[in-house]
Amino acid sequence: MRPTTAKEFTVAITCALPLEADAVETMFDEVYDVTGCLYDQHPDDTNAYTTGRIGAHNVVLCYLSRIGKAVAARSASNLLRSYTGIQLALTVGICGGAPYTLSGTPIFLGDIIICNSMIDYEYGVRHTPGSFQSHANAANTIVRADRKLQSFLMELEADMRRNGFEDRVLQNLRIAQRSQATWKLPPADDVLFEASYRHGHYNRVAGSSKCPCVTGDQMCEEAFKSIQ
């Protein structure tokens, strides 16, 4: 049964990029509203929402106007003004800035990262290559999940539970791939580069010898935009 008020939504998912939001919406079993008109928003709430159902959960999907911590904080505050019954809020995205794990295992696009706490990136120093050293007072900035979510994360550390979770993830991935070609594996094999590799122009046509990709250690604007 569809909820009749915004208070009945218990899960919120926030995405910074439209591509990320598209992937989340693919997982909706039912979409309630994409216009933002069905459930009244707080007068000061400027967010854009899609509401629907995933399994037994009523979910509100929030779109950020742009990336950034200040924008995310403002959007989260506005969301809680309109949807006062939220019990679980998730930020879902590509996580392109994740460093290497403590064991040195590389993180690849498509990997699912599960953690039980977060440390503010500003309370530390990034070392080269791919390491992060937190400051001594970083313990004061650690954000931990509530007890119910911590119990779920602890459950995932058991092999049987984690295997079942991975099976459900694969099932959802297959559903997404059947619904849109966007989520299918590209036909060609991926070519992986070292993080230090500079994706510049190396075979410029005649007359382009002044391109900084060729003449120095800089990247031209065209090359930089092509990797964003």
# chains A, B, ... in the order shown; residues from 1 in each chain; ligands from 1

call {"tool": "residues_around", "arguments": {"residues": "segment 18-35 of chain A", "least_positions_apart": "3", "cutoff": "7 Å", "atoms": "only C-alpha atoms", "output": "ChimeraX atom specification"}}
result
/A:15,38,49-55,93,176

call {"tool": "atom_distance", "arguments": {"atom1": "atom CA of Met160 of chain A", "atom2": "atom CA of Val59 of chain A"}}
result
27.7 Å

call {"tool": "closest_residue", "arguments": {"among": "A:Asn78, A:Leu61, A:Ala16, A:Asn47", "to": "Ile94 of chain A", "atoms": "only C-alpha atoms"}}
result
A:Ala16

call {"tool": "atom_distance", "arguments": {"atom1": "atom CA of Phe108 of chain A", "atom2": "atom CA of Glu194 of chain A"}}
result
11.9 Å

call {"tool": "closest_residue", "arguments": {"among": "A:Ile114, A:Thr91, A:Pro106, A:Ala70", "to": "Arg162 of chain A", "atoms": "only C-alpha atoms"}}
result
A:Ile114

call {"tool": "closest_residue", "arguments": {"among": "A:Ala56, A:Ile67, A:Leu153, A:Ala6", "to": "Tyr83 of chain A", "atoms": "only C-alpha atoms"}}
result
A:Ala6

call {"tool": "residues_around", "arguments": {"residues": "Ala76 of chain A", "least_positions_apart": "6", "cutoff": "9 Å", "atoms": "only C-alpha atoms", "output": "PDB file with N, CA and C atoms, in the first residue's frame"}}
result
ATOM      1  N   THR A  14      20.726   9.524  -1.230  1.00  0.00           N
ATOM      2  CA  THR A  14      21.187  10.753  -1.868  1.00  0.00           C
ATOM      3  C   THR A  14      22.254  10.425  -2.896  1.00  0.00           C
ATOM      4  N   CYS A  62      17.018  11.472  -3.324  1.00  0.00           N
ATOM      5  CA  CYS A  62      17.308  12.905  -3.337  1.00  0.00           C
ATOM      6  C   CYS A  62      18.439  13.194  -4.320  1.00  0.00           C
ATOM      7  N   ALA A  89      19.645   6.862   6.217  1.00  0.00           N
ATOM      8  CA  ALA A  89      20.017   7.726   5.094  1.00  0.00           C
ATOM      9  C   ALA A  89      21.317   7.208   4.488  1.00  0.00           C
TER      10      ALA A  89
END
